[in-house]
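Peer 1: Okay, here's the structure, questions in a sec.
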Amino acid sequence: MLNIQPQFIKQIAPTLSLQQYNEIPMIVLDHPVGQAIISLQGAHLLSWQPKHTAQNVLWLSEVEPFKLGTAIRGGVPVCYPWFGGKSSPSHGYARISMWQLSDYQITEDNATLAFSLFSDDDLIEAKITMTFSDSCELNFKHYGVENAEVALHSYFNIADINPISVEGLPTSCFNSLTQQPEQVPSPRQVAENIDCIYAISNNATHHIVDPIYQRNIEISHKNASNTVFWNPWHKATSGMSEEGYKTMVCVETARIDKPLSQSDQVSVIIKVA
Ligand SMILES: O=P(O)(O)OC[C@H]1O[C@H](O)[C@H](O)[C@@H](O)[C@@H]1O
């Protein structure tokens with residue numbers, strides 16, 4: 001699904017290798033439970049296809065050039081330590097910083113990979129632990145003293161934007177396009193540029209119902225305060241083709257209204273049925 005041929009760098013474990021896509025080093029998991037690709041820039045999960053699914057769970061732009069210092073369009077970028085454009089770079093520096101693969105554990109039934117972000121003075125700032133089995137669990141932990149925002153900005157792969165519906169969202173949100181609170185339908189469909197921040201309860205679950213791929217993606221948020229729902233529709237978006245919006249929808253796991261304190265964690269568990 002990546003548009004660029006990788007260059008093999010080294011084997012890390014029987015089912016884990018380091019590869020290079022253009023300028024970006026990637027960790028590639030090829031395990032009986034499925035395949036996953038994680039960019040070391042951003043600890044950015046780009047691809048996850050559990051064995052039982054015919055299609056990738058995550059969307060990745062087919063025009064992505066994989067350039068160091070440029071945020072990758074698709075997958076699950078980690079927006080941290082701020083969300084949006086309140087400072088520069090947009091969505092924080094974590095997604096364009098190099099992370100380290102700091103731990104891994106691979107058994108017959110699952111694979112757990114941990115990626116850590118260090119400051120210039122080599123102190124840990126954040127860690128994301130990814131566990132792949134039938135499901136995929138992403139757990140983010142904030143280590144800094146200063147409070148921080150985070151969004152696990154998941155781009156989900158769908159057959160076609162028109163018939164999909166997203167179930168379980170609240171009926172009110174903050175519309176980032178109008179900068180106004182808004183009443184919205186639930187379940188929600190997408191037929192225009194949508195950019196909404198919902199306040200959610202600690203353990204909210206949302207579903208993307210995709211009648212063409214005949215699957216239901218379950219997104220369970222743990223300790224999140226917000227879900228961001230985004231599809232740019234025809235709005236020109238860097239790293240995305242004119243048609244790109246038709247096969248993706250973002251349902252993000254975020255701590256925006258309630259920033260993370262030191263040692264706080266937030267998770268998302270993604271399942272496909
Ligand atoms: O273009 P990016 O910086 O990657 O941001 C992509 C999108 O991310 C989030 O979903 C925000 O709510 C949107 O306002 C933004 O357009």
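By order of appearance in the structure tokens: chains A, B, ..., then residues from 1 within every chain, and ligands from 1 in the order shown.
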Could you list, as a list in words, every residue within 7 Å of region 74-83 of chain A, counting only C-alpha atoms and ignoring same-chain residues fewer than 3 positions away?
Peer 2: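 After dropping sequence-adjacent residues, the list is Gly42, His44, Leu45, Leu46, Ser47, Leu58, Trp59, Leu60, Ser61, His91, Gly92, Tyr93, Ala94, Arg95, Ala148, Glu149, Val150, Ala151, Leu152, His153, Ser154 and Tyr155 of chain A.
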Peer 1: Per residue of chain A within 10 Å of ligand 1, which atom pair is closest and at what distance in Å (one decimal), using only C-alpha atoms and all ligand atoms, listed by chain and increasing number, as a Markdown table?
Peer 2:
```
| residue | atom | partner | partner_atom_place_in_ligand_line | distance |
| --- | --- | --- | --- | --- |
| A:Thr70 | CA | ligand 1 | 4 (O) | 9.8 |
| A:Ala71 | CA | ligand 1 | 4 (O) | 6.9 |
| A:Ile72 | CA | ligand 1 | 4 (O) | 7.9 |
| A:Arg73 | CA | ligand 1 | 4 (O) | 6.6 |
| A:Gly74 | CA | ligand 1 | 4 (O) | 8.6 |
| A:Pro77 | CA | ligand 1 | 4 (O) | 8.2 |
| A:Cys79 | CA | ligand 1 | 4 (O) | 8.8 |
| A:Phe83 | CA | ligand 1 | 11 (C) | 7.9 |
| A:Gly84 | CA | ligand 1 | 11 (C) | 6.1 |
| A:Gly85 | CA | ligand 1 | 3 (O) | 7.8 |
| A:Pro89 | CA | ligand 1 | 3 (O) | 8.4 |
| A:Ser90 | CA | ligand 1 | 3 (O) | 5.3 |
| A:His91 | CA | ligand 1 | 3 (O) | 5.9 |
| A:Gly92 | CA | ligand 1 | 3 (O) | 9.1 |
| A:Arg95 | CA | ligand 1 | 4 (O) | 9.5 |
| A:Ala151 | CA | ligand 1 | 9 (C) | 8.7 |
| A:His153 | CA | ligand 1 | 10 (O) | 6.9 |
| A:Ser154 | CA | ligand 1 | 10 (O) | 9.0 |
| A:Tyr155 | CA | ligand 1 | 10 (O) | 9.3 |
| A:Asn175 | CA | ligand 1 | 12 (O) | 9.3 |
| A:Ser176 | CA | ligand 1 | 14 (O) | 6.7 |
| A:Leu177 | CA | ligand 1 | 14 (O) | 7.8 |
| A:Asn193 | CA | ligand 1 | 16 (O) | 9.9 |
| A:Ile194 | CA | ligand 1 | 12 (O) | 8.8 |
| A:Asp195 | CA | ligand 1 | 12 (O) | 5.3 |
| A:Cys196 | CA | ligand 1 | 12 (O) | 6.6 |
| A:Ile197 | CA | ligand 1 | 12 (O) | 7.2 |
| A:Thr227 | CA | ligand 1 | 10 (O) | 9.6 |
| A:Val228 | CA | ligand 1 | 10 (O) | 6.1 |
| A:Phe229 | CA | ligand 1 | 10 (O) | 6.5 |
| A:Trp230 | CA | ligand 1 | 10 (O) | 4.9 |
| A:Asn231 | CA | ligand 1 | 10 (O) | 7.5 |
| A:Pro232 | CA | ligand 1 | 16 (O) | 7.0 |
| A:Lys235 | CA | ligand 1 | 16 (O) | 9.4 |
| A:Ala236 | CA | ligand 1 | 1 (O) | 9.8 |
| A:Thr237 | CA | ligand 1 | 1 (O) | 6.4 |
| A:Ser238 | CA | ligand 1 | 1 (O) | 6.5 |
| A:Gly239 | CA | ligand 1 | 1 (O) | 8.5 |
| A:Met240 | CA | ligand 1 | 1 (O) | 9.5 |
| A:Val249 | CA | ligand 1 | 10 (O) | 9.5 |
| A:Cys250 | CA | ligand 1 | 10 (O) | 6.7 |
| A:Val251 | CA | ligand 1 | 10 (O) | 8.3 |
| A:Glu252 | CA | ligand 1 | 10 (O) | 7.5 |
```
Peer 1: If you run DSSP on the backbone here, which positions in region 65-247 of chain A get helix (DSSP H, G or I)? Please write them as a PyMOL selection string.
Peer 2: chain A and resi 94-96+244-247
Peer 1: Could the residues in this selection be saved with C-alpha atoms as a PDB file, in the first residue's frame?
Peer 2:
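Once everything was written out, this is again-v1.pdb:
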```pdb
ATOM      1  CA  ALA A  94       6.358  15.148  17.842  1.00  0.00           C
ATOM      2  CA  ARG A  95       5.074  14.056  14.424  1.00  0.00           C
ATOM      3  CA  ILE A  96       8.148  15.489  12.664  1.00  0.00           C
ATOM      4  CA  GLY A 244      -8.002  11.518  -1.369  1.00  0.00           C
ATOM      5  CA  TYR A 245     -10.917  12.614   0.811  1.00  0.00           C
ATOM      6  CA  LYS A 246     -13.177   9.930  -0.703  1.00  0.00           C
ATOM      7  CA  THR A 247     -11.465   7.003   0.997  1.00  0.00           C
TER       8      THR A 247
END
```
Peer 1: Determine the nearest neighbour of Ala13 (chain A) from the options A:Ile106, A:Gln100, A:His207, A:Leu68, counting only C-alpha atoms.
Peer 2: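 Distance minimum relative to Ala13 (chain A) lands on A:Ile106.
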Peer 1: Going by DSSP on the backbone, which residues of region 131-262 of chain A come out as strand (DSSP E)? List them as a PyMOL selection string.
Peer 2: chain A and resi 131-132+136-142+148-152+155-157+165-167+172-175+180-183+194-199+205-210+215-222+226-231+248-260
Peer 1: Find the spatial neighbours of Pro185 (chain A), counting only C-alpha atoms, within a cut-off of 9 Å - ignore same-chain residues fewer than 6 positions away - and output them as a ChimeraX atom specification.
Peer 2: /A:169-172
Peer 1: Since we have the selection now, will you write its residues out, keeping N, CA and C atoms, as a compact mmCIF listing (two decimals), in the first residue's frame?
Peer 2:
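For reference, out-v5.txt as written:
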```
# COMPACT_ATOMS: atom_id res chain seq x y z
N LEU A 169 -21.24 8.99 18.20
CA LEU A 169 -20.78 10.35 18.52
C LEU A 169 -21.90 11.11 19.23
N PRO A 170 -21.54 12.09 20.07
CA PRO A 170 -22.58 12.93 20.68
C PRO A 170 -23.31 13.78 19.63
N THR A 171 -24.34 14.49 20.06
CA THR A 171 -25.12 15.32 19.14
C THR A 171 -24.74 16.80 19.24
N SER A 172 -23.67 17.10 19.94
CA SER A 172 -23.17 18.47 19.93
C SER A 172 -21.65 18.43 19.83
```
Peer 1: State, in Å with one decimal place, the distance from CA of Ala191 (chain A) to CA of Glu64 (chain A).
Peer 2: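 Value for the CA of Ala191 (chain A)-CA of Glu64 (chain A) distance: 24.5 Å.
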Peer 1: Which value, in Å to one decimal, gives the distance between CA of Ser261 (chain A) and CA of Ser102 (chain A)?
Peer 2: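 Taking CA of Ser261 (chain A) and CA of Ser102 (chain A), their separation equals 22.4 Å.
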Peer 1: Using only C-alpha atoms, which of the listed residues (A:Asn110, A:Thr15, A:Gln262, A:Ser186) sits closest to Ala126 (chain A)?
Peer 2: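 Closest residue, counting only C-alpha atoms: A:Gln262.
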Peer 1: Quick one: distance from CA of Ser39 (chain A) to CA of Met98 (chain A) in Å, one decimal?
Peer 2: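 Interatomic distance, CA of Ser39 (chain A) to CA of Met98 (chain A): 8.8 Å.
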Peer 1: Point out the residue among A:Val209, A:Ile128, A:Leu101, A:Ile161 with the least atom-to-atom distance to Glu243 (chain A), counting only C-alpha atoms.
Peer 2: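 The answer is A:Ile161, which sits nearest to Glu243 (chain A).
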Peer 1: Leaving out Phe132 (chain A) and any residue of its chain fewer than 5 positions from it, which residues lie within 9 Å of it when counting only C-alpha atoms, given as JSON, numbers by chain?
Peer 2: {"A": [33, 34, 35, 36, 48, 50, 109, 110, 111, 112, 113, 137, 138]}
Peer 1: For Asp210 (chain A), work out the shell of residues within 7 Å, counting only C-alpha atoms and skipping chain neighbours fewer than 4 positions away, then give it as a compact mmCIF listing (two decimals) with C-alpha atoms, in the first residue's frame.
Peer 2:
```txt
# COMPACT_ATOMS: atom_id res chain seq x y z
CA ILE A 158 -12.98 3.35 3.88
CA ILE A 164 -20.33 5.41 5.50
CA GLN A 214 -18.72 -4.76 4.68
CA ARG A 215 -16.96 -4.01 7.91
CA ASN A 216 -17.38 -2.16 11.12
```
Peer 1: Give me the residues within 8 Å of Leu18 (chain A) as a PyMOL selection string, counting only C-alpha atoms and dropping any in the same chain fewer than 5 places off.
Peer 2: chain A and resi 8-12+25-28
Peer 1: Neighbours of Ser267 (chain A) within 12 Å (only C-alpha atoms; same-chain residues fewer than 2 positions away dropped), as a ChimeraX atom specification?
Peer 2: /A:78,127-131,136-142,150-154,202-205,219-226,252-255,264-265,269-270
Peer 1: For the selection just defined, write its residues with N, CA and C atoms to a file, as a short mmCIF file (atom, residue, chain, number, x, y, z; two decimals), in the first residue's frame.
Peer 2:
```cif
data_model
loop_
_atom_site.label_atom_id
_atom_site.label_comp_id
_atom_site.auth_asym_id
_atom_site.auth_seq_id
_atom_site.Cartn_x
_atom_site.Cartn_y
_atom_site.Cartn_z
N VAL A 78 0.92 11.35 15.67
CA VAL A 78 0.80 11.71 17.07
C VAL A 78 0.98 13.23 17.16
N LYS A 127 5.98 8.47 25.44
CA LYS A 127 6.15 7.10 24.97
C LYS A 127 4.83 6.64 24.37
N ILE A 128 4.90 5.94 23.26
CA ILE A 128 3.69 5.31 22.72
C ILE A 128 3.96 3.82 22.57
N THR A 129 3.06 3.03 23.15
CA THR A 129 3.19 1.58 23.10
C THR A 129 2.08 1.05 22.20
N MET A 130 2.47 0.21 21.25
CA MET A 130 1.52 -0.31 20.26
C MET A 130 1.45 -1.82 20.40
N THR A 131 0.26 -2.35 20.60
CA THR A 131 0.10 -3.81 20.69
C THR A 131 -0.79 -4.27 19.54
N CYS A 136 -5.73 -3.56 17.59
CA CYS A 136 -4.53 -2.74 17.70
C CYS A 136 -4.78 -1.77 18.85
N GLU A 137 -3.89 -1.78 19.83
CA GLU A 137 -4.03 -0.84 20.94
C GLU A 137 -2.85 0.11 20.94
N LEU A 138 -3.15 1.40 20.99
CA LEU A 138 -2.12 2.43 21.05
C LEU A 138 -2.27 3.12 22.40
N ASN A 139 -1.19 3.11 23.17
CA ASN A 139 -1.23 3.74 24.49
C ASN A 139 -0.16 4.82 24.54
N PHE A 140 -0.58 6.04 24.82
CA PHE A 140 0.34 7.18 24.85
C PHE A 140 0.53 7.64 26.28
N LYS A 141 1.79 7.88 26.67
CA LYS A 141 2.07 8.38 28.02
C LYS A 141 2.92 9.65 27.92
N HIS A 142 2.49 10.64 28.70
CA HIS A 142 3.18 11.95 28.74
C HIS A 142 4.08 12.01 29.96
N VAL A 150 -2.65 16.13 23.32
CA VAL A 150 -2.27 15.08 22.38
C VAL A 150 -3.49 14.71 21.54
N ALA A 151 -3.23 14.30 20.30
CA ALA A 151 -4.27 13.65 19.49
C ALA A 151 -3.62 12.48 18.76
N LEU A 152 -4.22 11.31 18.91
CA LEU A 152 -3.87 10.16 18.09
C LEU A 152 -4.81 10.28 16.88
N HIS A 153 -4.25 10.88 15.84
CA HIS A 153 -5.04 11.47 14.75
C HIS A 153 -5.31 10.41 13.66
N SER A 154 -6.14 9.41 14.02
CA SER A 154 -6.29 8.22 13.16
C SER A 154 -7.05 8.52 11.88
N ASN A 202 -14.86 9.43 29.29
CA ASN A 202 -13.59 8.70 29.42
C ASN A 202 -13.45 7.47 28.53
N ASN A 203 -14.51 6.68 28.45
CA ASN A 203 -14.41 5.39 27.78
C ASN A 203 -15.39 5.28 26.61
N ALA A 204 -15.47 6.32 25.81
CA ALA A 204 -16.43 6.33 24.69
C ALA A 204 -15.97 5.37 23.59
N THR A 205 -16.96 4.81 22.89
CA THR A 205 -16.68 3.93 21.74
C THR A 205 -17.46 4.44 20.53
N ILE A 219 -13.82 1.86 17.50
CA ILE A 219 -12.77 2.72 18.04
C ILE A 219 -13.12 3.00 19.49
N SER A 220 -12.36 2.39 20.41
CA SER A 220 -12.64 2.58 21.85
C SER A 220 -11.56 3.48 22.43
N HIS A 221 -11.99 4.62 22.93
CA HIS A 221 -11.06 5.59 23.50
C HIS A 221 -10.98 5.35 25.02
N LYS A 222 -9.80 5.43 25.58
CA LYS A 222 -9.64 5.29 27.04
C LYS A 222 -8.96 6.55 27.56
N ASN A 223 -9.57 7.19 28.54
CA ASN A 223 -9.02 8.41 29.16
C ASN A 223 -8.86 9.56 28.18
N ALA A 224 -9.67 9.58 27.14
CA ALA A 224 -9.67 10.72 26.22
C ALA A 224 -10.71 11.73 26.70
N SER A 225 -10.53 12.99 26.35
CA SER A 225 -11.57 13.98 26.66
C SER A 225 -12.30 14.42 25.39
N ASN A 226 -11.69 14.12 24.23
CA ASN A 226 -12.26 14.60 22.96
C ASN A 226 -12.08 13.58 21.84
N GLU A 252 -10.47 10.88 15.75
CA GLU A 252 -9.23 11.02 16.51
C GLU A 252 -9.48 10.89 18.01
N THR A 253 -8.47 10.38 18.71
CA THR A 253 -8.53 10.20 20.17
C THR A 253 -7.70 11.31 20.79
N ALA A 254 -8.33 12.21 21.54
CA ALA A 254 -7.59 13.42 21.91
C ALA A 254 -7.79 13.84 23.36
N ARG A 255 -6.80 14.55 23.85
CA ARG A 255 -6.90 15.26 25.13
C ARG A 255 -6.64 16.74 24.80
N ASP A 264 0.15 11.09 32.83
CA ASP A 264 -1.18 10.73 32.29
C ASP A 264 -1.01 9.89 31.03
N GLN A 265 -2.01 9.01 30.84
CA GLN A 265 -2.00 8.15 29.65
C GLN A 265 -3.34 8.25 28.94
N ILE A 269 -8.23 1.66 21.29
CA ILE A 269 -8.22 0.25 20.87
C ILE A 269 -9.09 0.17 19.62
N ILE A 270 -8.51 -0.37 18.56
CA ILE A 270 -9.19 -0.41 17.26
C ILE A 270 -9.44 -1.87 16.91
#
```
Peer 1: Nearest to Glu125 (chain A) among A:Ser87, A:Asn56, A:Glu62, A:Ser263, with distances taken over only C-alpha atoms: which residue is it?
Peer 2: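 For Glu125 (chain A), the nearest of the given residues is A:Ser263.
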